[in-house]
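J.: Pasting in a structure now, in structure tokens, and then I'll have a few things to ask.
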Amino acid sequence: MSVDPLAEKYPSHSPYNYTLNNPVKYIDPDGRSVDDVIITGNKKQKAFEELQAAVKGELSLSMDGNGKVTATKLTEKALSKGGEFLYLAITDSSVIVNIFASDNDFISDKSAPLLGNFMGNIVTPLGTFGEKRGGATFTYQEINPVALSKFDKINKLPGKTTLHEVVESYIGGSLSQSLNMSAGKATPADAKNENSIYSKSHRVIPQSGVLKEHFYNLSGTEIFRGNNNFNPVKLKYSTGNHRIFHTIPKEK
Ligand SMILES: [Zn+2]
């Protein structure tokens, strides 16, 4: 993939604006709390339900009209790794995680099929929101929670992959913030490079199972099975004994 749209829109900020060893916490201009995971899109309720299923018995989640998620711990015991990272994502006021949840076939810039897509983040320098404000990182992830739910159901781990996506976005934002450098949308090169921000974030909480992509030609014959390719003619996703759980474009 050539120039990343996020990188083009938001050139990297001068390192002189920021003190690396002294991360500045975002201060909301209105004084409201901004320790946020925010879910938007026509499937935001589904995404919320998937997240709640993934941390059942550990966290009680709620979501307000703006899609802002809050969490209460339900146990004194140590949380699972996934529960702990979700709690952190929700309560860390320096990283604002934006989840766009829909059942669209493609991601918003139409460059790839939508399933769970790391769209990068923007690290803002001190001063963005006024002289002593700023320093927050805004992350972006696009998911289809309907498809992910089917994937997780086959693998008998409800909500696990939606949780994976939210944690991936959060970890990516945290890593980018520590480097004071925004990250772009994940590219095939990022996926191959195990030291990329995307790969490091992708590994933290695994998906519920192995994902396979099946590519079809116009006459409906499967022409390729694998990953990291894109053929817009027809694409199916399978997991666990090649059980198909999602088809693009949507079957009528
Ligand atoms: Zn991932």
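Identifiers in the structure tokens: chain A, B, ... in order shown; residue index from 1 per chain; ligand index from 1 in order shown.
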Near stretch 232-241 of chain A, counting only C-alpha atoms, which residues have an atom at most 9 Å away, once you skip same-chain residues fewer than 3 positions from it, shown as a PDB file with N, CA and C atoms, in the first residue's frame?
T.:
```pdb
ATOM      1  N   ALA A 112      -9.987  -2.214   1.826  1.00  0.00           N
ATOM      2  CA  ALA A 112      -9.862  -3.592   2.310  1.00  0.00           C
ATOM      3  C   ALA A 112     -11.202  -4.061   2.850  1.00  0.00           C
ATOM      4  N   PRO A 113     -11.407  -5.389   2.880  1.00  0.00           N
ATOM      5  CA  PRO A 113     -12.629  -5.909   3.485  1.00  0.00           C
ATOM      6  C   PRO A 113     -12.652  -5.576   4.974  1.00  0.00           C
ATOM      7  N   PHE A 151     -17.559 -15.951  14.212  1.00  0.00           N
ATOM      8  CA  PHE A 151     -16.206 -16.522  14.311  1.00  0.00           C
ATOM      9  C   PHE A 151     -15.959 -17.039  15.740  1.00  0.00           C
ATOM     10  N   ILE A 154     -18.091 -20.207  16.740  1.00  0.00           N
ATOM     11  CA  ILE A 154     -17.529 -21.467  16.240  1.00  0.00           C
ATOM     12  C   ILE A 154     -16.355 -21.902  17.120  1.00  0.00           C
ATOM     13  N   ASN A 155     -15.563 -20.946  17.538  1.00  0.00           N
ATOM     14  CA  ASN A 155     -14.391 -21.254  18.353  1.00  0.00           C
ATOM     15  C   ASN A 155     -14.693 -21.317  19.856  1.00  0.00           C
ATOM     16  N   GLY A 209      -9.496 -17.839  17.257  1.00  0.00           N
ATOM     17  CA  GLY A 209      -9.037 -18.984  16.483  1.00  0.00           C
ATOM     18  C   GLY A 209      -8.325 -18.543  15.230  1.00  0.00           C
ATOM     19  N   VAL A 210      -8.016 -19.515  14.386  1.00  0.00           N
ATOM     20  CA  VAL A 210      -7.303 -19.227  13.141  1.00  0.00           C
ATOM     21  C   VAL A 210      -8.301 -18.806  12.064  1.00  0.00           C
ATOM     22  N   LEU A 211      -7.917 -17.784  11.354  1.00  0.00           N
ATOM     23  CA  LEU A 211      -8.771 -17.212  10.327  1.00  0.00           C
ATOM     24  C   LEU A 211      -8.222 -17.579   8.955  1.00  0.00           C
ATOM     25  N   LYS A 212      -9.110 -18.034   8.074  1.00  0.00           N
ATOM     26  CA  LYS A 212      -8.672 -18.329   6.702  1.00  0.00           C
ATOM     27  C   LYS A 212      -9.502 -17.513   5.722  1.00  0.00           C
ATOM     28  N   GLU A 213      -8.848 -17.007   4.681  1.00  0.00           N
ATOM     29  CA  GLU A 213      -9.548 -16.265   3.637  1.00  0.00           C
ATOM     30  C   GLU A 213      -9.626 -17.125   2.382  1.00  0.00           C
ATOM     31  N   HIS A 214     -10.796 -17.163   1.780  1.00  0.00           N
ATOM     32  CA  HIS A 214     -11.027 -17.920   0.543  1.00  0.00           C
ATOM     33  C   HIS A 214     -11.417 -16.934  -0.541  1.00  0.00           C
ATOM     34  N   PHE A 215     -10.698 -16.960  -1.651  1.00  0.00           N
ATOM     35  CA  PHE A 215     -10.969 -16.031  -2.748  1.00  0.00           C
ATOM     36  C   PHE A 215     -11.654 -16.755  -3.898  1.00  0.00           C
ATOM     37  N   TYR A 216     -12.702 -16.129  -4.433  1.00  0.00           N
ATOM     38  CA  TYR A 216     -13.493 -16.730  -5.515  1.00  0.00           C
ATOM     39  C   TYR A 216     -13.464 -15.852  -6.746  1.00  0.00           C
ATOM     40  N   ASN A 217     -13.522 -16.474  -7.913  1.00  0.00           N
ATOM     41  CA  ASN A 217     -13.656 -15.693  -9.148  1.00  0.00           C
ATOM     42  C   ASN A 217     -15.131 -15.471  -9.464  1.00  0.00           C
ATOM     43  N   LEU A 218     -15.386 -14.788 -10.571  1.00  0.00           N
ATOM     44  CA  LEU A 218     -16.765 -14.410 -10.912  1.00  0.00           C
ATOM     45  C   LEU A 218     -17.688 -15.607 -11.081  1.00  0.00           C
ATOM     46  N   GLY A 220     -17.634 -18.213  -9.357  1.00  0.00           N
ATOM     47  CA  GLY A 220     -17.888 -18.860  -8.073  1.00  0.00           C
ATOM     48  C   GLY A 220     -16.905 -19.957  -7.711  1.00  0.00           C
ATOM     49  N   ILE A 244     -17.362 -21.734   7.165  1.00  0.00           N
ATOM     50  CA  ILE A 244     -17.525 -20.354   6.681  1.00  0.00           C
ATOM     51  C   ILE A 244     -18.393 -19.562   7.667  1.00  0.00           C
ATOM     52  N   PHE A 245     -17.909 -18.395   8.064  1.00  0.00           N
ATOM     53  CA  PHE A 245     -18.724 -17.571   8.967  1.00  0.00           C
ATOM     54  C   PHE A 245     -19.019 -16.194   8.395  1.00  0.00           C
ATOM     55  N   HIS A 246     -18.393 -15.839   7.262  1.00  0.00           N
ATOM     56  CA  HIS A 246     -18.620 -14.491   6.740  1.00  0.00           C
ATOM     57  C   HIS A 246     -18.308 -14.468   5.250  1.00  0.00           C
ATOM     58  N   THR A 247     -19.146 -13.742   4.485  1.00  0.00           N
ATOM     59  CA  THR A 247     -18.964 -13.649   3.037  1.00  0.00           C
ATOM     60  C   THR A 247     -19.034 -12.180   2.608  1.00  0.00           C
ATOM     61  N   ILE A 248     -18.119 -11.785   1.740  1.00  0.00           N
ATOM     62  CA  ILE A 248     -18.094 -10.419   1.177  1.00  0.00           C
ATOM     63  C   ILE A 248     -18.065 -10.529  -0.343  1.00  0.00           C
ATOM     64  N   PRO A 249     -18.928  -9.835  -1.097  1.00  0.00           N
ATOM     65  CA  PRO A 249     -20.040  -9.033  -0.592  1.00  0.00           C
ATOM     66  C   PRO A 249     -21.100  -9.917   0.091  1.00  0.00           C
TER      67      PRO A 249
END
```
J.: Neighbouring residues of A:Tyr140 were defined as those with any atom within 8 Å, considering only C-alpha atoms; residues of the same chain fewer than 2 positions away were excluded. Please report them as a list in words.
T.: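 The filter keeps Val97, Asn98, Ile99, Phe100, Phe118, Met119, Gly120, Asn121, Phe138, Glu142 and Ser169 of chain A.
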J.: If you count only C-alpha atoms and all ligand atoms, which residues end up within 9 Å of ligand 1, as an mmCIF file with C-alpha atoms, in the first residue's frame?
T.:
```cif
data_model
loop_
_atom_site.group_PDB
_atom_site.id
_atom_site.type_symbol
_atom_site.label_atom_id
_atom_site.label_comp_id
_atom_site.auth_asym_id
_atom_site.auth_seq_id
_atom_site.Cartn_x
_atom_site.Cartn_y
_atom_site.Cartn_z
ATOM 1 C CA GLY A 116 -11.237 -6.240 12.299
ATOM 2 C CA ASN A 117 -8.963 -3.498 11.004
ATOM 3 C CA PHE A 118 -6.222 -1.519 12.735
ATOM 4 C CA THR A 161 -12.108 -11.300 18.946
ATOM 5 C CA HIS A 164 -8.828 -8.561 20.749
ATOM 6 C CA GLU A 165 -9.639 -5.627 18.466
ATOM 7 C CA VAL A 167 -7.092 -4.147 23.154
ATOM 8 C CA GLU A 168 -5.073 -4.070 19.915
ATOM 9 C CA SER A 169 -6.185 -0.497 19.270
ATOM 10 C CA TYR A 198 0.483 -3.204 14.635
ATOM 11 C CA SER A 199 2.134 -6.632 15.138
ATOM 12 C CA SER A 201 -0.452 -4.803 19.480
ATOM 13 C CA HIS A 202 -2.026 -7.689 17.570
ATOM 14 C CA ARG A 203 -0.204 -10.306 19.686
ATOM 15 C CA VAL A 204 -1.317 -9.149 23.153
ATOM 16 C CA ILE A 205 -4.768 -10.780 23.288
ATOM 17 C CA PRO A 206 -5.170 -13.490 20.646
ATOM 18 C CA GLN A 207 -8.225 -13.866 18.438
#
```
J.: Please provide the set of residues having any atom within 10 Å of A:Leu59, restricted to only C-alpha atoms, with same-chain residues fewer than 4 positions apart removed, written as a ChimeraX atom specification.
T.: /A:51-55,70-75,79,83-84,86-87
J.: Write out the residues from the selection above, keeping C-alpha atoms, as a JSON list (two decimals), in the first residue's frame.
T.:
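Generated output (result_37.json):
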```json
[["chain", "number", "residue", "atom", "x", "y", "z"],
["A", 51, "LEU", "CA", -17.18, -7.06, 24.79],
["A", 52, "GLN", "CA", -19.41, -7.75, 27.78],
["A", 53, "ALA", "CA", -19.55, -11.46, 26.90],
["A", 54, "ALA", "CA", -15.74, -11.59, 26.75],
["A", 55, "VAL", "CA", -15.33, -10.27, 30.31],
["A", 70, "THR", "CA", -17.47, 2.44, 31.46],
["A", 71, "ALA", "CA", -16.52, -0.56, 33.57],
["A", 72, "THR", "CA", -16.91, -1.76, 37.15],
["A", 73, "LYS", "CA", -14.83, -4.63, 38.51],
["A", 74, "LEU", "CA", -16.98, -7.52, 39.75],
["A", 75, "THR", "CA", -14.26, -9.41, 41.58],
["A", 79, "LEU", "CA", -8.60, -10.22, 36.27],
["A", 83, "GLY", "CA", -10.17, -8.18, 31.36],
["A", 84, "GLU", "CA", -7.19, -6.29, 32.74],
["A", 86, "LEU", "CA", -9.93, -3.78, 28.66],
["A", 87, "TYR", "CA", -10.17, -2.15, 32.08]]
```
J.: Between A:Asn180, A:Asn144, A:Ser93, A:Asn66, which is the closest to A:Glu50 once you count only C-alpha atoms?
T.: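 Among A:Asn180, A:Asn144, A:Ser93, A:Asn66, it is A:Asn144 that comes nearest to A:Glu50.
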J.: Using only C-alpha atoms for the distances, tell me which of A:Asp64, A:Asp152, A:Gly57, A:Gln177 is nearest to A:Lys77.
T.: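 Distance minimum relative to A:Lys77 lands on A:Gly57.
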J.: Near A:Asn42, counting only C-alpha atoms, which residues have an atom at most 10 Å away, once you skip same-chain residues fewer than 5 positions from it, shown as an mmCIF file with N, CA and C atoms, in the first residue's frame?
T.:
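Output file around18.cif is given in full below:
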```cif
data_model
loop_
_atom_site.group_PDB
_atom_site.id
_atom_site.type_symbol
_atom_site.label_atom_id
_atom_site.label_comp_id
_atom_site.auth_asym_id
_atom_site.auth_seq_id
_atom_site.Cartn_x
_atom_site.Cartn_y
_atom_site.Cartn_z
ATOM 1 N N ALA A 47 -21.290 -4.715 19.237
ATOM 2 C CA ALA A 47 -19.895 -4.676 19.697
ATOM 3 C C ALA A 47 -19.840 -4.623 21.217
ATOM 4 N N PHE A 100 -15.158 1.854 15.513
ATOM 5 C CA PHE A 100 -16.268 2.030 14.578
ATOM 6 C C PHE A 100 -16.788 0.639 14.235
ATOM 7 N N ALA A 101 -18.016 0.334 14.683
ATOM 8 C CA ALA A 101 -18.579 -1.011 14.524
ATOM 9 C C ALA A 101 -19.710 -0.984 13.513
ATOM 10 N N SER A 102 -19.566 -1.719 12.417
ATOM 11 C CA SER A 102 -20.622 -1.757 11.412
ATOM 12 C C SER A 102 -20.651 -3.117 10.728
ATOM 13 N N ASP A 103 -21.684 -3.331 9.905
ATOM 14 C CA ASP A 103 -21.725 -4.561 9.111
ATOM 15 C C ASP A 103 -21.450 -4.235 7.638
ATOM 16 N N ASN A 104 -20.712 -3.166 7.399
ATOM 17 C CA ASN A 104 -20.299 -2.834 6.025
ATOM 18 C C ASN A 104 -19.376 -3.926 5.491
ATOM 19 N N ASN A 144 -16.368 -5.473 12.297
ATOM 20 C CA ASN A 144 -17.710 -5.982 12.040
ATOM 21 C C ASN A 144 -18.025 -6.988 13.161
#
```
J.: Between A:Ile171, A:Ile122, A:Ile107, A:Val95, single out the one closest to A:Gly82, counting only C-alpha atoms.
T.: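 Of A:Ile171, A:Ile122, A:Ile107, A:Val95, the one nearest A:Gly82 is A:Ile171, counting only C-alpha atoms.
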J.: Using DSSP on the backbone coordinates, identify all residues within stretch 95-164 of chain A classified as alpha helix (DSSP H); present the result as a PyMOL selection string.
T.: chain A and resi 145-154+160-164
J.: Write down as number ranges by chain the residues belonging to stretch 68-207 of chain A that are assigned strand (DSSP E or B) by DSSP computed on the backbone.
T.: A: 68-73, 95-101, 106, 113, 116-123, 126, 134, 137-143
J.: With C-alpha atoms retained, write the just-selected residues as a CSV table (one decimal), in the first residue's frame.
T.:
```
chain,number,residue,atom,x,y,z
A,68,LYS,CA,-18.7,5.8,25.8
A,69,VAL,CA,-18.0,2.6,27.7
A,70,THR,CA,-17.5,2.4,31.5
A,71,ALA,CA,-16.5,-0.6,33.6
A,72,THR,CA,-16.9,-1.8,37.1
A,73,LYS,CA,-14.8,-4.6,38.5
A,95,VAL,CA,-5.4,7.0,25.3
A,96,ILE,CA,-8.9,7.5,23.7
A,97,VAL,CA,-9.9,4.3,21.9
A,98,ASN,CA,-12.4,4.9,19.0
A,99,ILE,CA,-14.2,1.7,17.7
A,100,PHE,CA,-16.3,2.0,14.6
A,101,ALA,CA,-18.6,-1.0,14.5
A,106,PHE,CA,-15.4,-2.7,3.4
A,113,PRO,CA,-12.6,-5.9,3.5
A,116,GLY,CA,-11.2,-6.2,12.3
A,117,ASN,CA,-9.0,-3.5,11.0
A,118,PHE,CA,-6.2,-1.5,12.7
A,119,MET,CA,-6.6,2.0,11.4
A,120,GLY,CA,-3.8,3.6,13.4
A,121,ASN,CA,-3.7,6.4,15.9
A,122,ILE,CA,-2.9,10.1,16.3
A,123,VAL,CA,-0.5,11.2,19.1
A,126,LEU,CA,1.2,19.2,24.4
A,134,GLY,CA,-3.1,17.9,25.0
A,137,THR,CA,-3.6,9.7,21.8
A,138,PHE,CA,-6.6,8.9,19.7
A,139,THR,CA,-6.8,5.4,18.3
A,140,TYR,CA,-9.1,4.1,15.5
A,141,GLN,CA,-10.3,0.6,14.9
A,142,GLU,CA,-12.9,-0.6,12.5
A,143,ILE,CA,-14.8,-3.9,13.2
```
J.: Restricting the calculation to only C-alpha atoms, which member of A:Ile38, A:Lys56, A:Leu175, A:Lys43 is positioned closest to A:Thr91?
T.: A:Ile38
J.: Taking only C-alpha atoms into account, name the residue in A:Gly226, A:Arg243, A:Leu179, A:Ser174 that is nearest to A:Ser94.
T.: A:Ser174
J.: With only C-alpha atoms as the basis for distance, which of A:Lys44, A:Asp36, A:Lys185, A:Ser62 is at the shortest distance from A:Asp109?
T.: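 Comparing A:Lys44, A:Asp36, A:Lys185, A:Ser62 against A:Asp109, the winner is A:Lys185.
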